[in-house]
Structure formats: structure tokens, C-alpha cells
$ cat my_file10.txt   # compact mmCIF, N, CA and C atoms
# COMPACT_ATOMS: atom_id res chain seq x y z
N GLU Y 1125 -4.36 14.83 -18.30
CA GLU Y 1125 -4.52 14.50 -19.70
C GLU Y 1125 -3.15 14.59 -20.39
N LEU Y 1126 -2.91 13.67 -21.32
CA LEU Y 1126 -1.64 13.61 -22.02
C LEU Y 1126 -1.49 14.77 -23.00
N LYS Y 1127 -0.27 15.34 -23.05
CA LYS Y 1127 0.03 16.41 -23.99
C LYS Y 1127 0.24 15.85 -25.39
N MET Y 1128 0.96 14.73 -25.47
CA MET Y 1128 1.26 14.10 -26.75
C MET Y 1128 0.84 12.63 -26.66
N ILE Y 1129 -0.23 12.28 -27.33
CA ILE Y 1129 -0.80 10.94 -27.24
C ILE Y 1129 -0.01 9.98 -28.13
N PRO Y 1130 0.42 8.83 -27.59
CA PRO Y 1130 1.09 7.84 -28.43
C PRO Y 1130 0.15 7.34 -29.53
N THR Y 1131 0.68 7.08 -30.70
CA THR Y 1131 -0.09 6.56 -31.82
C THR Y 1131 0.53 5.26 -32.31
N ILE Y 1132 -0.23 4.51 -33.08
CA ILE Y 1132 0.23 3.22 -33.59
C ILE Y 1132 1.51 3.40 -34.39
N GLY Y 1133 2.48 2.52 -34.11
CA GLY Y 1133 3.76 2.54 -34.82
C GLY Y 1133 4.85 3.34 -34.13
N ARG Y 1134 4.49 4.14 -33.11
CA ARG Y 1134 5.50 4.94 -32.41
C ARG Y 1134 6.35 4.06 -31.50
N ILE Y 1135 7.60 4.45 -31.33
CA ILE Y 1135 8.52 3.77 -30.42
C ILE Y 1135 8.39 4.39 -29.04
N VAL Y 1136 8.29 3.54 -28.03
CA VAL Y 1136 8.25 3.98 -26.64
C VAL Y 1136 9.19 3.10 -25.82
N HIS Y 1137 9.48 3.54 -24.62
CA HIS Y 1137 10.23 2.72 -23.67
C HIS Y 1137 9.24 2.06 -22.73
N TYR Y 1138 9.45 0.78 -22.45
CA TYR Y 1138 8.59 0.03 -21.53
C TYR Y 1138 9.43 -0.48 -20.37
N TYR Y 1139 8.95 -0.26 -19.15
CA TYR Y 1139 9.63 -0.73 -17.95
C TYR Y 1139 8.91 -1.98 -17.45
N PRO Y 1140 9.54 -3.16 -17.58
CA PRO Y 1140 8.85 -4.41 -17.25
C PRO Y 1140 8.54 -4.54 -15.77
N SER Y 1141 7.52 -5.34 -15.49
CA SER Y 1141 7.12 -5.63 -14.12
C SER Y 1141 7.58 -7.04 -13.75
N MET Y 1142 7.44 -7.40 -12.49
CA MET Y 1142 7.78 -8.76 -12.06
C MET Y 1142 6.88 -9.77 -12.77
N ALA Y 1143 5.62 -9.41 -13.04
CA ALA Y 1143 4.72 -10.30 -13.77
C ALA Y 1143 5.28 -10.60 -15.16
N ASP Y 1144 5.89 -9.60 -15.80
CA ASP Y 1144 6.52 -9.81 -17.11
C ASP Y 1144 7.67 -10.81 -16.99
N MET Y 1145 8.44 -10.69 -15.93
CA MET Y 1145 9.57 -11.60 -15.72
C MET Y 1145 9.06 -13.04 -15.59
N HIS Y 1146 7.95 -13.22 -14.91
CA HIS Y 1146 7.37 -14.56 -14.74
C HIS Y 1146 6.77 -15.08 -16.04
N ARG Y 1147 6.45 -14.17 -16.97
CA ARG Y 1147 5.90 -14.56 -18.28
C ARG Y 1147 7.00 -14.83 -19.30
N GLY Y 1148 8.26 -14.73 -18.91
CA GLY Y 1148 9.35 -15.10 -19.81
C GLY Y 1148 10.18 -13.97 -20.38
N PHE Y 1149 9.99 -12.74 -19.90
CA PHE Y 1149 10.86 -11.65 -20.34
C PHE Y 1149 12.27 -11.89 -19.83
N HIS Y 1150 13.26 -11.64 -20.67
CA HIS Y 1150 14.66 -11.74 -20.27
C HIS Y 1150 15.23 -10.33 -20.18
N VAL Y 1151 15.55 -9.91 -18.96
CA VAL Y 1151 16.07 -8.56 -18.71
C VAL Y 1151 17.33 -8.71 -17.88
N VAL Y 1152 18.45 -8.17 -18.36
CA VAL Y 1152 19.73 -8.30 -17.67
C VAL Y 1152 20.26 -6.92 -17.29
N PRO Y 1153 21.18 -6.78 -16.37
CA PRO Y 1153 21.81 -7.84 -15.58
C PRO Y 1153 20.90 -8.29 -14.43
N LEU Y 1154 20.98 -9.55 -14.12
CA LEU Y 1154 20.09 -10.13 -13.12
C LEU Y 1154 20.44 -9.72 -11.69
N ASP Y 1155 21.65 -9.20 -11.47
CA ASP Y 1155 22.05 -8.84 -10.11
C ASP Y 1155 21.56 -7.45 -9.70
N LYS Y 1156 20.86 -6.74 -10.59
CA LYS Y 1156 20.34 -5.41 -10.26
C LYS Y 1156 18.83 -5.49 -10.04
N PRO Y 1157 18.27 -4.58 -9.24
CA PRO Y 1157 16.82 -4.53 -9.10
C PRO Y 1157 16.17 -4.27 -10.45
N LEU Y 1158 14.96 -4.75 -10.62
CA LEU Y 1158 14.25 -4.62 -11.89
C LEU Y 1158 14.20 -3.18 -12.38
N THR Y 1159 13.96 -2.23 -11.47
CA THR Y 1159 13.85 -0.83 -11.87
C THR Y 1159 15.17 -0.23 -12.32
N ALA Y 1160 16.31 -0.87 -11.98
CA ALA Y 1160 17.62 -0.34 -12.34
C ALA Y 1160 18.16 -0.96 -13.63
N ARG Y 1161 17.40 -1.80 -14.27
CA ARG Y 1161 17.88 -2.49 -15.48
C ARG Y 1161 17.58 -1.73 -16.76
N GLY Y 1162 16.91 -0.61 -16.65
CA GLY Y 1162 16.64 0.20 -17.83
C GLY Y 1162 15.40 -0.25 -18.57
N PRO Y 1163 14.98 0.55 -19.52
CA PRO Y 1163 13.75 0.25 -20.26
C PRO Y 1163 13.98 -0.75 -21.39
N LEU Y 1164 12.88 -1.27 -21.91
CA LEU Y 1164 12.90 -2.12 -23.08
C LEU Y 1164 12.29 -1.35 -24.25
N ALA Y 1165 12.73 -1.65 -25.46
CA ALA Y 1165 12.18 -1.02 -26.65
C ALA Y 1165 10.81 -1.61 -26.95
N ALA Y 1166 9.87 -0.76 -27.32
CA ALA Y 1166 8.51 -1.22 -27.62
C ALA Y 1166 7.92 -0.41 -28.76
N ILE Y 1167 7.02 -1.04 -29.48
CA ILE Y 1167 6.28 -0.38 -30.56
C ILE Y 1167 4.80 -0.40 -30.17
N VAL Y 1168 4.14 0.74 -30.33
CA VAL Y 1168 2.72 0.84 -30.02
C VAL Y 1168 1.93 0.08 -31.10
N ALA Y 1169 1.17 -0.93 -30.67
CA ALA Y 1169 0.36 -1.72 -31.59
C ALA Y 1169 -1.10 -1.27 -31.61
N HIS Y 1170 -1.58 -0.75 -30.46
CA HIS Y 1170 -2.98 -0.34 -30.36
C HIS Y 1170 -3.11 0.69 -29.24
N VAL Y 1171 -4.01 1.64 -29.44
CA VAL Y 1171 -4.29 2.67 -28.43
C VAL Y 1171 -5.79 2.62 -28.14
N ASP Y 1172 -6.14 2.49 -26.86
CA ASP Y 1172 -7.54 2.47 -26.44
C ASP Y 1172 -7.69 3.44 -25.29
N GLY Y 1173 -8.02 4.68 -25.63
CA GLY Y 1173 -8.10 5.72 -24.59
C GLY Y 1173 -6.72 5.96 -24.00
N GLY Y 1174 -6.57 5.76 -22.71
CA GLY Y 1174 -5.28 5.95 -22.05
C GLY Y 1174 -4.48 4.67 -21.91
N SER Y 1175 -4.92 3.60 -22.55
CA SER Y 1175 -4.27 2.30 -22.43
C SER Y 1175 -3.62 1.89 -23.75
N LEU Y 1176 -2.43 1.30 -23.66
CA LEU Y 1176 -1.70 0.89 -24.86
C LEU Y 1176 -1.54 -0.61 -24.92
N THR Y 1177 -1.47 -1.14 -26.14
CA THR Y 1177 -0.99 -2.50 -26.37
C THR Y 1177 0.35 -2.34 -27.07
N LEU Y 1178 1.37 -3.03 -26.53
CA LEU Y 1178 2.73 -2.87 -27.04
C LEU Y 1178 3.31 -4.18 -27.53
N SER Y 1179 4.19 -4.08 -28.49
CA SER Y 1179 5.05 -5.17 -28.92
C SER Y 1179 6.42 -4.85 -28.33
N VAL Y 1180 6.82 -5.61 -27.31
CA VAL Y 1180 8.01 -5.28 -26.51
C VAL Y 1180 9.13 -6.27 -26.80
N SER Y 1181 10.33 -5.78 -27.06
CA SER Y 1181 11.52 -6.63 -27.24
C SER Y 1181 12.28 -6.69 -25.93
N ASP Y 1182 12.55 -7.90 -25.45
CA ASP Y 1182 13.34 -8.02 -24.22
C ASP Y 1182 14.83 -7.93 -24.57
N HIS Y 1183 15.70 -8.07 -23.60
CA HIS Y 1183 17.14 -7.90 -23.82
C HIS Y 1183 17.76 -9.02 -24.66
N PHE Y 1184 17.03 -10.13 -24.88
CA PHE Y 1184 17.52 -11.20 -25.75
C PHE Y 1184 16.94 -11.07 -27.16
N GLY Y 1185 16.10 -10.03 -27.40
CA GLY Y 1185 15.49 -9.82 -28.70
C GLY Y 1185 14.17 -10.54 -28.90
N ASN Y 1186 13.69 -11.23 -27.86
CA ASN Y 1186 12.39 -11.89 -27.94
C ASN Y 1186 11.29 -10.84 -27.88
N VAL Y 1187 10.24 -11.02 -28.65
CA VAL Y 1187 9.14 -10.06 -28.71
C VAL Y 1187 7.95 -10.59 -27.92
N HIS Y 1188 7.38 -9.71 -27.09
CA HIS Y 1188 6.25 -10.05 -26.23
C HIS Y 1188 5.13 -9.03 -26.42
N ALA Y 1189 3.90 -9.49 -26.45
CA ALA Y 1189 2.75 -8.59 -26.48
C ALA Y 1189 2.37 -8.24 -25.05
N VAL Y 1190 2.16 -6.96 -24.78
CA VAL Y 1190 1.74 -6.51 -23.45
C VAL Y 1190 0.54 -5.58 -23.63
N GLN Y 1191 -0.57 -5.93 -22.97
CA GLN Y 1191 -1.80 -5.16 -23.09
C GLN Y 1191 -2.05 -4.30 -21.86
N ASN Y 1192 -2.91 -3.33 -22.03
CA ASN Y 1192 -3.37 -2.46 -20.93
C ASN Y 1192 -2.22 -1.76 -20.22
N VAL Y 1193 -1.32 -1.18 -20.98
CA VAL Y 1193 -0.15 -0.49 -20.44
C VAL Y 1193 -0.48 0.99 -20.25
N ALA Y 1194 -0.24 1.48 -19.05
CA ALA Y 1194 -0.41 2.91 -18.78
C ALA Y 1194 0.78 3.67 -19.35
N PHE Y 1195 0.55 4.91 -19.77
CA PHE Y 1195 1.59 5.74 -20.35
C PHE Y 1195 1.87 6.93 -19.44
N SER Y 1196 3.16 7.19 -19.20
CA SER Y 1196 3.57 8.32 -18.37
C SER Y 1196 4.39 9.30 -19.21
N GLU Y 1197 4.04 10.56 -19.14
CA GLU Y 1197 4.85 11.58 -19.83
C GLU Y 1197 6.04 12.01 -19.00
N ASP Y 1198 6.07 11.62 -17.74
CA ASP Y 1198 7.17 11.96 -16.85
C ASP Y 1198 8.17 10.81 -16.85
N ALA Y 1199 9.14 10.85 -17.76
CA ALA Y 1199 10.10 9.76 -17.91
C ALA Y 1199 10.94 9.53 -16.66
N GLY Y 1200 11.02 10.50 -15.79
CA GLY Y 1200 11.78 10.34 -14.55
C GLY Y 1200 10.98 9.68 -13.45
N ASN Y 1201 9.71 9.39 -13.71
CA ASN Y 1201 8.85 8.82 -12.68
C ASN Y 1201 7.93 7.76 -13.31
N VAL Y 1202 8.54 6.75 -13.91
CA VAL Y 1202 7.78 5.69 -14.57
C VAL Y 1202 7.81 4.44 -13.69
N ALA Y 1203 6.65 3.88 -13.43
CA ALA Y 1203 6.56 2.67 -12.61
C ALA Y 1203 6.74 1.42 -13.47
N SER Y 1204 7.04 0.31 -12.82
CA SER Y 1204 7.10 -0.98 -13.52
C SER Y 1204 5.76 -1.24 -14.20
N GLY Y 1205 5.81 -1.74 -15.42
CA GLY Y 1205 4.59 -2.02 -16.16
C GLY Y 1205 4.04 -0.82 -16.91
N GLN Y 1206 4.78 0.28 -16.93
CA GLN Y 1206 4.36 1.48 -17.64
C GLN Y 1206 5.31 1.79 -18.79
N ALA Y 1207 4.85 2.67 -19.67
CA ALA Y 1207 5.66 3.11 -20.82
C ALA Y 1207 5.83 4.62 -20.78
N CYS Y 1208 6.84 5.09 -21.49
CA CYS Y 1208 7.08 6.54 -21.61
C CYS Y 1208 7.81 6.81 -22.93
N TRP Y 1209 7.92 8.08 -23.29
CA TRP Y 1209 8.68 8.44 -24.48
C TRP Y 1209 10.17 8.20 -24.22
N PRO Y 1210 10.93 7.79 -25.24
CA PRO Y 1210 12.38 7.74 -25.09
C PRO Y 1210 12.94 9.16 -24.97
N PRO Y 1211 14.11 9.32 -24.39
CA PRO Y 1211 14.68 10.67 -24.28
C PRO Y 1211 15.00 11.24 -25.65
N LYS Y 1212 14.91 12.57 -25.74
CA LYS Y 1212 15.28 13.24 -26.99
C LYS Y 1212 16.78 13.27 -27.09
N VAL Y 1213 17.28 13.07 -28.32
CA VAL Y 1213 18.75 13.10 -28.53
C VAL Y 1213 19.12 14.23 -29.45
$ encode --input "my_file10.txt" --output "C-alpha cells"
Amino acid sequence: ELKMIPTIGRIVHYYPSMADMHRGFHVVPLDKPLTARGPLAAIVAHVDGGSLTLSVSDHFGNVHAVQNVAFSEDAGNVASGQACWPPKV
């Protein structure tokens, strides 16, 4: 169970999947594996139990809707297609 549940309007990091790339996400640099390209900025648009709907900005600033996103509290172990909290600064 999540310790801190994401709520609407919160900023999270989203790690795109290959399916996202085929849907038109632009993530650079292209010469690195998808997991090494870093996260994308996202805003939580809807929360349904443990599933999120996100408004995700790709590296070109294009905004994409992504539904049914799993959330991980372990930022060091986030899979493609999942979201997590940004690091504390």
C-alpha cells in the first residue's frame, strides 16, 4: 500500500514505454536506451485506486494523455510506463 497517495494536480515523473514512443512521444537522446533517457514531467489528472491518468510533457514540450499508469514509491526501481515522485531538493 502507498504511503503517500498522488492527488490531482501533483507533479510526478513518468518513465515512457516503447508503446509511448510508437504513439508519438519524443524522448532524446535517441542513441541511449529508453530507460537511460530520464523521466518526463507529468501532472496527475485523475486517480482511480492505484491507477493514475497523467498529462505528460515529452522532451519537445508536446503534451500526451496516459491512462492506467502504475505508481511506484521506489524511485530507484521504476519500470517503463510507471510514475514516481520527483527527487526532493
$ atom_distance --input "my_file10.txt" --atom1 "CA of Phe1149 (chain Y)" --atom2 "CA of Val1213 (chain Y)"
27.2 Å
$ closest_residue --input "my_file10.txt" --among "Y:His1170, Y:Arg1147, Y:Lys1156, Y:Arg1161" --to "Ile1129 (chain Y)" --atoms "only C-alpha atoms"
Y:His1170
$ closest_residue --input "my_file10.txt" --among "Y:Ile1132, Y:Pro1163, Y:Tyr1139, Y:Pro1210" --to "His1183 (chain Y)" --atoms "only N, CA and C atoms"
Y:Pro1163
$ atom_distance --input "my_file10.txt" --atom1 "atom N of Gly1133 (chain Y)" --atom2 "atom N of Val1152 (chain Y)"
24.8 Å
$ residues_around --input "my_file10.txt" --residues "Gly1185 (chain Y)" --least-positions-apart "4" --cutoff "8 Å" --atoms "all atoms listed in the file" --output "PyMOL selection string"
chain Y and resi 1150+1180-1181
$ atom_distance --input "my_file10.txt" --atom1 "atom N of Val1168 (chain Y)" --atom2 "atom N of His1137 (chain Y)"
8.3 Å
$ residues_around --input "my_file10.txt" --residues "Ala1189 (chain Y)" --least-positions-apart "6" --cutoff "7 Å" --atoms "only N, CA and C atoms" --output "PyMOL selection string"
chain Y and resi 1177-1180
$ write_last_selection --input "my_file10.txt" --atoms "N, CA and C atoms" --output "mmCIF file, keeping the file's coordinate frame"
data_model
loop_
_atom_site.group_PDB
_atom_site.id
_atom_site.type_symbol
_atom_site.label_atom_id
_atom_site.label_comp_id
_atom_site.auth_asym_id
_atom_site.auth_seq_id
_atom_site.Cartn_x
_atom_site.Cartn_y
_atom_site.Cartn_z
ATOM 1 N N THR Y 1177 -1.470 -1.140 -26.140
ATOM 2 C CA THR Y 1177 -0.990 -2.500 -26.370
ATOM 3 C C THR Y 1177 0.350 -2.340 -27.070
ATOM 4 N N LEU Y 1178 1.370 -3.030 -26.530
ATOM 5 C CA LEU Y 1178 2.730 -2.870 -27.040
ATOM 6 C C LEU Y 1178 3.310 -4.180 -27.530
ATOM 7 N N SER Y 1179 4.190 -4.080 -28.490
ATOM 8 C CA SER Y 1179 5.050 -5.170 -28.920
ATOM 9 C C SER Y 1179 6.420 -4.850 -28.330
ATOM 10 N N VAL Y 1180 6.820 -5.610 -27.310
ATOM 11 C CA VAL Y 1180 8.010 -5.280 -26.510
ATOM 12 C C VAL Y 1180 9.130 -6.270 -26.800
#
$ select_by_dssp --input "my_file10.txt" --residues "chain Y" --states "alpha helix (DSSP H)" --output "NGL selection string"
:Y and (1142-1146)
